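The next block is upload-v9.cif, given as mmCIF, C-alpha atoms.
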data_structure
loop_
_atom_site.label_atom_id
_atom_site.label_comp_id
_atom_site.auth_asym_id
_atom_site.auth_seq_id
_atom_site.Cartn_x
_atom_site.Cartn_y
_atom_site.Cartn_z
CA MET R 1 17.72 -11.14 -16.77
CA SER R 2 18.01 -14.81 -17.67
CA ALA R 3 17.44 -17.50 -15.13
CA LEU R 4 20.44 -19.48 -13.99
CA THR R 5 18.75 -22.63 -15.24
CA ASP R 6 18.78 -21.91 -18.95
CA ASP R 7 19.12 -25.58 -19.75
CA THR R 8 16.04 -26.66 -17.85
CA LEU R 9 14.00 -29.31 -19.59
CA PRO R 10 11.01 -28.13 -21.61
CA VAL R 11 7.52 -28.66 -20.25
CA THR R 12 6.47 -32.15 -21.36
CA PRO R 13 4.01 -34.70 -19.95
CA ARG R 14 6.99 -36.54 -18.45
CA ALA R 15 8.33 -33.35 -16.84
CA MET R 16 4.93 -32.50 -15.38
CA ARG R 17 4.57 -36.06 -14.10
CA ASP R 18 7.95 -35.81 -12.35
CA GLU R 19 6.99 -32.48 -10.81
CA MET R 20 3.66 -33.79 -9.52
CA ILE R 21 5.36 -36.85 -8.02
CA VAL R 22 7.83 -34.62 -6.19
CA PHE R 23 4.96 -32.38 -5.06
CA ALA R 24 3.06 -35.39 -3.68
CA VAL R 25 6.15 -36.59 -1.81
CA MET R 26 6.72 -33.09 -0.42
CA ALA R 27 3.08 -32.80 0.70
CA VAL R 28 3.18 -36.19 2.45
CA LEU R 29 6.45 -35.43 4.22
CA LEU R 30 5.13 -32.09 5.43
CA ALA R 31 1.82 -33.63 6.51
CA VAL R 32 3.52 -36.10 8.87
CA VAL R 33 5.75 -33.49 10.55
CA PRO R 34 3.52 -33.16 13.68
CA PHE R 35 4.01 -36.89 14.32
CA THR R 36 7.82 -36.80 14.06
CA GLY R 37 8.68 -34.65 17.06
CA ILE R 38 10.14 -31.87 14.92
CA TYR R 39 9.62 -28.41 16.42
CA PRO R 40 6.41 -27.24 14.65
CA PHE R 41 7.15 -23.50 14.97
CA PHE R 42 10.31 -23.94 12.90
CA VAL R 43 8.47 -25.77 10.11
CA MET R 44 5.56 -23.28 10.09
CA GLN R 45 7.99 -20.38 9.87
CA ALA R 46 9.87 -22.15 7.07
CA LEU R 47 6.62 -22.77 5.18
CA CYS R 48 5.72 -19.07 5.30
CA PHE R 49 9.13 -18.10 3.96
CA ALA R 50 9.01 -20.91 1.40
CA LEU R 51 5.79 -19.45 -0.03
CA LEU R 52 7.37 -16.00 0.04
CA ALA R 53 10.44 -17.27 -1.84
CA CYS R 54 8.23 -19.07 -4.39
CA ALA R 55 6.33 -15.82 -5.01
CA PHE R 56 9.61 -13.98 -5.49
CA ASN R 57 10.86 -16.74 -7.81
CA LEU R 58 7.76 -16.31 -9.97
CA LEU R 59 8.83 -12.73 -10.60
CA ILE R 60 12.57 -13.16 -11.14
CA GLY R 61 12.89 -16.78 -12.22
CA TYR R 62 10.13 -16.66 -14.82
CA GLY R 63 9.63 -12.94 -15.47
CA GLY R 64 13.24 -11.83 -15.24
CA LEU R 65 12.41 -8.99 -12.82
CA LEU R 66 14.76 -8.66 -9.85
CA SER R 67 12.97 -6.95 -6.96
CA PHE R 68 14.95 -5.73 -3.95
CA GLY R 69 11.78 -4.69 -2.14
CA HIS R 70 9.65 -7.80 -1.69
CA ALA R 71 9.82 -7.37 2.08
CA MET R 72 7.33 -4.50 1.75
CA PHE R 73 4.60 -6.97 0.73
CA LEU R 74 5.43 -9.33 3.59
CA GLY R 75 5.50 -6.53 6.17
CA THR R 76 2.49 -4.60 4.89
CA ALA R 77 0.26 -7.67 4.89
CA GLY R 78 1.54 -8.58 8.35
CA TYR R 79 0.77 -5.14 9.80
CA VAL R 80 -2.68 -4.95 8.22
CA SER R 81 -3.63 -8.47 9.32
CA ALA R 82 -2.30 -7.88 12.83
CA HIS R 83 -4.17 -4.58 13.18
CA ALA R 84 -7.37 -6.11 11.79
CA LEU R 85 -7.19 -9.02 14.22
CA LYS R 86 -6.19 -7.13 17.36
CA VAL R 87 -7.84 -3.72 16.97
CA TRP R 88 -10.78 -4.32 14.64
CA GLY R 89 -11.51 -7.75 16.10
CA LEU R 90 -11.93 -9.43 12.72
CA PRO R 91 -11.97 -13.25 12.54
CA PRO R 92 -8.81 -14.94 11.20
CA GLU R 93 -10.13 -15.54 7.67
CA LEU R 94 -11.02 -11.85 7.23
CA GLY R 95 -7.71 -10.81 8.76
CA ILE R 96 -5.88 -12.88 6.15
CA VAL R 97 -8.04 -11.44 3.37
CA ALA R 98 -7.38 -7.88 4.61
CA GLY R 99 -3.61 -8.38 4.68
CA THR R 100 -3.52 -10.10 1.29
CA ALA R 101 -5.73 -7.41 -0.27
CA ALA R 102 -3.43 -4.70 1.13
CA ALA R 103 -0.44 -6.42 -0.48
CA ALA R 104 -2.30 -6.66 -3.80
CA LEU R 105 -3.14 -2.94 -3.67
CA LEU R 106 0.46 -2.14 -2.80
CA GLY R 107 1.58 -4.25 -5.77
CA LEU R 108 -0.73 -2.28 -8.05
CA VAL R 109 0.58 1.09 -6.84
CA THR R 110 4.30 0.23 -6.72
CA GLY R 111 4.07 -1.72 -9.97
CA PHE R 112 2.61 1.31 -11.73
CA ILE R 113 5.67 3.29 -10.59
CA SER R 114 8.39 0.72 -11.27
CA ILE R 115 7.32 -1.76 -13.94
CA LYS R 116 8.28 0.37 -16.96
CA ARG R 117 11.88 0.48 -15.78
CA GLN R 118 14.42 -2.09 -16.86
CA GLY R 119 17.21 -4.02 -15.15
CA ILE R 120 18.97 -2.42 -12.22
CA TYR R 121 16.70 0.65 -12.40
CA PHE R 122 13.67 -1.52 -11.62
CA SER R 123 15.56 -3.15 -8.73
CA MET R 124 16.62 0.18 -7.26
CA ILE R 125 13.11 1.64 -7.48
CA THR R 126 11.64 -1.36 -5.63
CA LEU R 127 14.32 -1.01 -2.97
CA ALA R 128 13.60 2.70 -2.60
CA LEU R 129 9.85 2.10 -2.31
CA SER R 130 10.45 -0.60 0.29
CA GLN R 131 12.63 1.70 2.38
CA LEU R 132 10.06 4.46 2.06
CA LEU R 133 7.44 2.15 3.56
CA TYR R 134 9.89 1.06 6.26
CA PHE R 135 10.29 4.64 7.53
CA LEU R 136 6.56 5.22 7.16
CA TYR R 137 5.79 2.20 9.35
CA LEU R 138 8.47 3.30 11.81
CA GLN R 139 6.53 6.54 12.41
CA ALA R 140 2.93 5.36 11.93
CA PRO R 141 0.99 5.14 15.23
CA PHE R 142 -0.84 1.90 14.37
CA THR R 143 2.43 -0.06 13.95
CA HIS R 144 3.75 0.96 17.42
CA GLY R 145 7.15 1.76 15.95
CA GLU R 146 10.03 -0.45 17.00
CA ASP R 147 7.81 -2.37 19.43
CA GLY R 148 5.58 -3.68 16.65
CA ILE R 149 2.14 -5.16 17.17
CA GLN R 150 2.39 -7.82 19.88
CA GLY R 151 0.03 -10.40 21.34
CA ILE R 152 -2.07 -10.93 18.25
CA PRO R 153 -5.08 -13.19 18.95
CA GLN R 154 -5.17 -16.33 16.83
CA GLY R 155 -8.89 -17.03 17.14
CA HIS R 156 -10.97 -19.66 15.35
CA LEU R 157 -10.71 -19.97 11.57
CA PHE R 158 -14.23 -20.03 10.07
CA GLY R 159 -15.44 -20.37 13.65
CA ILE R 160 -14.30 -24.00 13.67
CA PHE R 161 -10.52 -24.43 13.73
CA ASP R 162 -8.85 -23.28 16.95
CA LEU R 163 -5.59 -21.71 15.79
CA SER R 164 -4.24 -21.55 19.34
CA LYS R 165 -3.64 -25.30 19.07
CA PRO R 166 -0.21 -25.84 17.43
CA THR R 167 -1.27 -28.88 15.38
CA VAL R 168 -4.38 -27.14 13.99
CA LEU R 169 -2.37 -24.03 13.17
CA TYR R 170 0.29 -26.14 11.48
CA TYR R 171 -2.17 -27.77 9.11
CA VAL R 172 -3.80 -24.41 8.31
CA VAL R 173 -0.39 -22.95 7.42
CA LEU R 174 0.45 -26.09 5.43
CA ALA R 175 -2.82 -25.83 3.50
CA GLY R 176 -2.08 -22.17 2.76
CA PHE R 177 1.42 -23.00 1.55
CA LEU R 178 0.29 -25.87 -0.67
CA GLY R 179 -2.53 -23.78 -2.14
CA GLY R 180 -0.17 -20.89 -2.92
CA PHE R 181 2.42 -23.28 -4.35
CA LEU R 182 -0.12 -24.89 -6.68
CA LEU R 183 -1.33 -21.49 -7.84
CA ILE R 184 2.24 -20.53 -8.73
CA TYR R 185 2.80 -23.88 -10.44
CA ARG R 186 -0.37 -23.47 -12.50
CA THR R 187 0.64 -19.93 -13.44
CA ILE R 188 4.08 -21.06 -14.60
CA ASN R 189 2.61 -23.81 -16.78
CA SER R 190 -0.13 -21.68 -18.31
CA PRO R 191 -0.02 -19.64 -21.54
CA PHE R 192 0.54 -16.60 -19.31
CA GLY R 193 3.60 -18.29 -17.83
CA GLU R 194 4.95 -19.14 -21.26
CA VAL R 195 4.71 -15.50 -22.29
CA LEU R 196 6.54 -14.52 -19.10
CA LYS R 197 9.37 -16.88 -19.99
CA ALA R 198 9.50 -15.42 -23.50
CA ILE R 199 9.76 -11.91 -22.02
CA ARG R 200 12.53 -13.08 -19.72
CA GLU R 201 14.52 -14.56 -22.58
CA ASN R 202 13.99 -11.87 -25.22
CA GLU R 203 11.61 -9.02 -24.49
CA PRO R 204 12.10 -7.16 -27.82
CA ARG R 205 11.15 -10.32 -29.71
CA ALA R 206 8.06 -10.80 -27.52
CA ILE R 207 7.06 -7.21 -28.32
CA SER R 208 7.58 -7.87 -32.03
CA LEU R 209 5.17 -10.81 -31.77
CA GLY R 210 2.46 -8.46 -30.52
CA TYR R 211 2.58 -9.07 -26.77
CA LYS R 212 2.09 -6.08 -24.48
CA THR R 213 4.98 -7.01 -22.23
CA ASP R 214 4.43 -4.28 -19.64
CA GLN R 215 0.94 -5.63 -18.93
CA TYR R 216 2.26 -9.18 -18.48
CA LYS R 217 5.04 -8.00 -16.19
CA MET R 218 2.57 -5.88 -14.22
CA LEU R 219 0.27 -8.87 -13.67
CA ALA R 220 3.21 -11.05 -12.63
CA TYR R 221 4.39 -8.34 -10.21
CA ILE R 222 0.96 -7.97 -8.62
CA LEU R 223 0.47 -11.73 -8.33
CA SER R 224 3.92 -12.14 -6.80
CA GLY R 225 3.28 -9.34 -4.31
CA THR R 226 -0.16 -10.70 -3.43
CA LEU R 227 1.22 -14.18 -2.68
CA ALA R 228 4.06 -12.63 -0.69
CA GLY R 229 1.42 -10.75 1.30
CA PHE R 230 -0.53 -13.97 1.85
CA ALA R 231 2.64 -15.48 3.31
CA GLY R 232 2.99 -12.42 5.57
CA SER R 233 -0.59 -12.81 6.79
CA LEU R 234 -0.01 -16.47 7.64
CA LYS R 235 3.22 -15.58 9.44
CA VAL R 236 1.29 -13.28 11.79
CA PHE R 237 -0.54 -16.30 13.26
CA VAL R 238 2.72 -18.22 13.68
CA ALA R 239 4.79 -15.48 15.32
CA GLN R 240 1.82 -13.61 16.90
CA ASN R 241 3.50 -10.30 16.14
CA ALA R 242 4.19 -7.91 13.29
CA SER R 243 7.46 -5.98 13.41
CA LEU R 244 9.74 -3.73 11.40
CA THR R 245 12.05 -6.68 10.75
CA ASP R 246 9.67 -7.94 8.09
CA VAL R 247 9.83 -4.62 6.18
CA HIS R 248 13.57 -4.02 6.44
CA TRP R 249 15.80 -4.23 3.35
CA SER R 250 17.73 -7.12 4.93
CA MET R 251 14.56 -9.24 4.72
CA SER R 252 14.44 -8.63 0.96
CA GLY R 253 18.06 -9.79 0.86
CA GLU R 254 17.17 -12.99 2.68
CA ILE R 255 14.41 -13.67 0.15
CA VAL R 256 16.92 -13.33 -2.69
CA LEU R 257 19.35 -15.59 -0.81
CA MET R 258 16.73 -18.32 -0.28
CA THR R 259 15.84 -18.33 -3.96
CA LEU R 260 19.43 -18.43 -5.19
CA VAL R 261 20.51 -21.13 -2.73
CA GLY R 262 17.59 -23.37 -3.69
CA GLY R 263 17.68 -22.70 -7.41
CA LEU R 264 16.52 -19.71 -9.42
CA GLY R 265 13.87 -20.57 -11.99
CA THR R 266 13.14 -24.01 -10.51
CA ILE R 267 9.83 -25.17 -9.08
CA PHE R 268 11.03 -26.57 -5.76
CA GLY R 269 14.28 -24.62 -5.35
CA PRO R 270 12.81 -21.73 -3.30
CA VAL R 271 11.21 -24.22 -0.90
CA VAL R 272 14.52 -25.98 -0.27
CA GLY R 273 16.37 -22.68 -0.02
CA ALA R 274 13.89 -21.33 2.53
CA PHE R 275 14.20 -24.42 4.71
CA VAL R 276 18.01 -24.27 4.53
CA ILE R 277 18.20 -20.60 5.54
CA ILE R 278 15.56 -20.84 8.29
CA ALA R 279 17.20 -24.01 9.65
CA MET R 280 20.52 -22.16 9.84
CA GLN R 281 18.93 -19.28 11.72
CA GLN R 282 17.17 -21.69 14.06
CA TYR R 283 19.95 -24.13 14.85
CA LEU R 284 22.96 -21.79 14.59
CA ALA R 285 21.41 -19.06 16.74
CA GLY R 286 24.03 -19.74 19.41
CA PHE R 287 26.71 -18.27 17.13
CA GLY R 288 25.05 -14.84 17.28
CA GLN R 289 26.09 -12.48 14.48
CA TRP R 290 28.30 -15.20 12.99
CA VAL R 291 25.16 -16.69 11.44
CA THR R 292 25.22 -13.84 8.93
CA VAL R 293 28.85 -14.64 8.09
CA ILE R 294 28.02 -18.32 7.61
CA GLN R 295 25.11 -17.40 5.34
CA GLY R 296 27.45 -15.20 3.32
CA VAL R 297 29.93 -18.06 2.91
CA ILE R 298 27.15 -20.39 1.73
CA PHE R 299 25.92 -17.75 -0.71
CA VAL R 300 29.41 -17.29 -2.18
CA ALA R 301 29.86 -21.08 -2.41
CA CYS R 302 26.55 -21.44 -4.25
CA VAL R 303 27.46 -18.67 -6.69
CA LEU R 304 30.89 -20.17 -7.38
CA LEU R 305 30.19 -23.90 -7.22
CA PHE R 306 26.42 -24.36 -7.62
CA ARG R 307 25.30 -21.63 -10.01
CA ARG R 308 21.97 -23.37 -10.56
CA GLY R 309 21.34 -23.72 -6.81
CA LEU R 310 20.89 -26.96 -4.89
CA VAL R 311 17.74 -28.12 -6.67
CA GLY R 312 18.91 -26.73 -10.00
CA GLU R 313 22.13 -28.75 -9.88
CA LEU R 314 20.21 -31.88 -8.87
CA ALA R 315 17.74 -31.40 -11.71
CA HIS R 316 20.62 -30.88 -14.16
CA LEU R 317 22.38 -34.00 -12.91
CA LEU R 318 19.28 -36.20 -13.11
CA ARG R 319 17.95 -34.53 -16.27
CA ARG R 320 14.63 -34.11 -14.54
CA SER R 321 12.35 -31.10 -14.21
CA LEU R 322 12.33 -29.94 -10.57
#
Can I see the file as structure tokens?
Amino acid sequence: MSALTDDTLPVTPRAMRDEMIVFAVMAVLLAVVPFTGIYPFFVMQALCFALLACAFNLLIGYGGLLSFGHAMFLGTAGYVSAHALKVWGLPPELGIVAGTAAAALLGLVTGFISIKRQGIYFSMITLALSQLLYFLYLQAPFTHGEDGIQGIPQGHLFGIFDLSKPTVLYYVVLAGFLGGFLLIYRTINSPFGEVLKAIRENEPRAISLGYKTDQYKMLAYILSGTLAGFAGSLKVFVAQNASLTDVHWSMSGEIVLMTLVGGLGTIFGPVVGAFVIIAMQQYLAGFGQWVTVIQGVIFVACVLLFRRGLVGELAHLLRRSL
């Protein structure tokens, strides 16, 4: 599957300079949020989903692999981290490591099953695996079924940072998001990332050049799932619960929606898309189920009028790499 931004500018020193300038501006704006009076829970939740959407974009936007089951990484990491924190009594840093490691292991297992499939068959297998895990977590005793794991202790990160303080927690989540974002950015602009783009554009030609494409796609899938799990582990500290909502197929749909609205195959598109969708859910909550209808209208409008997404169209207009 080709990205919707086929005419993106090639990677040049100027393009990388533009991207780093935008990254610096984004980091500064996010760093001053606690001093602006903006509701911190909303921004922390948006940052977790922004990292999740960026991880998904790494897989589809640069690897050409459309997964309909990325919610399984988010939910699995959330459940494992929550259980480790509440039942095993692990400190926050080890809880995050446990959840992220569980997502990486899940990526290895599900990738082994699905990665050799192409196109819609790959998408359907990831959806089926995600739904399988959903029903497994629905019945598993440690997840507490529909009630989920509630009242998760936040604790002290590294024994120093008190995560029960909203400002401290915000900067920890922000640091996690920025670290994950930079890792994805470095991956995209590495030789590995260039091979991924080649596979996305023309896999048979990449094979003819001697690349073992299944191995590259497998690594991209595992990395994407691991970062999605990291986002799920961070989300546990923000919401202080782990529930079936994070494993449901509709969550995978929201991840796809965030990426498409922001701009598939762009660096900053998933971040913008995540903030747009989370802001709609936050500030249009009074409309009840109509929020879903409004999201559907926005999705259709983006597909028809802004095929490159919000950031993709802006980058095309300015002829800048975003």
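Interatomic distance, CA of Gly296 in chain R against CA of Gly61 in chain R: 21.4 Å.
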Closest to Leu183 in chain R among R:Thr226, R:Gly265, R:Gly69, R:Tyr283, using all atoms listed in the file?
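Distance minimum relative to Leu183 in chain R lands on R:Thr226.
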Applied to this file, what does the PyMOL selection byres ((chain R and resi 143) around 10) return in terms of residues, put as a PyMOL selection string?
chain R and resi 79-80+82-83+136-142+144-150+242-244
Could you check how far CA of Ser252 in chain R sits from CA of His70 in chain R, in Å to one decimal?
5.5 Å
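Take the candidates R:Val261, R:Gly155, R:Val291, R:Pro34 and check each one against Leu305 in chain R using all atoms listed in the file; the shortest distance goes to R:Val261.
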Measuring between only C-alpha atoms, which one of R:Ala46, R:Leu74, R:Ser208, R:Met20 shows the shortest distance to Met251 in chain R?
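Answer, going by the shortest atom-to-atom distance: R:Leu74.
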Point (3.4, -25.6, -2.7) neighbourhood (10 Å, only C-alpha atoms) written as a PDB file with C-alpha atoms, in the coordinates of the input:
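Saved result, part.pdb, follows:
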ATOM      1  CA  PHE R  23       4.960 -32.380  -5.060  1.00  0.00           C
ATOM      2  CA  ALA R  24       3.060 -35.390  -3.680  1.00  0.00           C
ATOM      3  CA  MET R  26       6.720 -33.090  -0.420  1.00  0.00           C
ATOM      4  CA  ALA R  27       3.080 -32.800   0.700  1.00  0.00           C
ATOM      5  CA  LEU R  47       6.620 -22.770   5.180  1.00  0.00           C
ATOM      6  CA  ALA R  50       9.010 -20.910   1.400  1.00  0.00           C
ATOM      7  CA  LEU R  51       5.790 -19.450  -0.030  1.00  0.00           C
ATOM      8  CA  CYS R  54       8.230 -19.070  -4.390  1.00  0.00           C
ATOM      9  CA  LEU R 174       0.450 -26.090   5.430  1.00  0.00           C
ATOM     10  CA  ALA R 175      -2.820 -25.830   3.500  1.00  0.00           C
ATOM     11  CA  GLY R 176      -2.080 -22.170   2.760  1.00  0.00           C
ATOM     12  CA  PHE R 177       1.420 -23.000   1.550  1.00  0.00           C
ATOM     13  CA  LEU R 178       0.290 -25.870  -0.670  1.00  0.00           C
ATOM     14  CA  GLY R 179      -2.530 -23.780  -2.140  1.00  0.00           C
ATOM     15  CA  GLY R 180      -0.170 -20.890  -2.920  1.00  0.00           C
ATOM     16  CA  PHE R 181       2.420 -23.280  -4.350  1.00  0.00           C
ATOM     17  CA  LEU R 182      -0.120 -24.890  -6.680  1.00  0.00           C
ATOM     18  CA  LEU R 183      -1.330 -21.490  -7.840  1.00  0.00           C
ATOM     19  CA  ILE R 184       2.240 -20.530  -8.730  1.00  0.00           C
ATOM     20  CA  TYR R 185       2.800 -23.880 -10.440  1.00  0.00           C
ATOM     21  CA  ILE R 267       9.830 -25.170  -9.080  1.00  0.00           C
ATOM     22  CA  PHE R 268      11.030 -26.570  -5.760  1.00  0.00           C
ATOM     23  CA  VAL R 271      11.210 -24.220  -0.900  1.00  0.00           C
TER      24      VAL R 271
END
Measure the distance from CA of Ile298 in chain R to CA of Trp249 in chain R in Å and round it to one decimal.
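Between CA of Ile298 in chain R and CA of Trp249 in chain R the gap is 19.8 Å.
Among the candidates R:Leu223, R:Ala53, R:Ala101, R:Val297, the one nearest to Leu260 in chain R when counting all atoms listed in the file is R:Ala53.
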Residues at most 10 Å from range 102-114 of chain R, counting all atoms listed in the file, excluding those fewer than 5 positions away in the same chain, as a PyMOL selection string?
chain R and resi 67+70+72-81+96-97+121-126+129-130+214+217-230+232-233
Which of these residues is nearest to Ser250 in chain R, using all atoms listed in the file: R:Ala315, R:Ile278, R:Leu59, R:Gln131?
R:Gln131
List the spatial neighbours of Pro40 in chain R as an mmCIF file with C-alpha atoms, in the frame of the given file - criterion: any atom at most 10 Å away, only C-alpha atoms, same-chain residues fewer than 5 positions off excluded.
data_model
loop_
_atom_site.group_PDB
_atom_site.id
_atom_site.type_symbol
_atom_site.label_atom_id
_atom_site.label_comp_id
_atom_site.auth_asym_id
_atom_site.auth_seq_id
_atom_site.Cartn_x
_atom_site.Cartn_y
_atom_site.Cartn_z
ATOM 1 C CA VAL R 33 5.750 -33.490 10.550
ATOM 2 C CA PRO R 34 3.520 -33.160 13.680
ATOM 3 C CA PHE R 35 4.010 -36.890 14.320
ATOM 4 C CA GLN R 45 7.990 -20.380 9.870
ATOM 5 C CA ALA R 46 9.870 -22.150 7.070
ATOM 6 C CA PRO R 166 -0.210 -25.840 17.430
ATOM 7 C CA THR R 167 -1.270 -28.880 15.380
ATOM 8 C CA LEU R 169 -2.370 -24.030 13.170
ATOM 9 C CA TYR R 170 0.290 -26.140 11.480
ATOM 10 C CA VAL R 238 2.720 -18.220 13.680
#
Selection as a ChimeraX atom specification: residues within 6 Å of (15.5, -25.3, -4.9), counting only C-alpha atoms:
/R:262-263,268-273,310-311
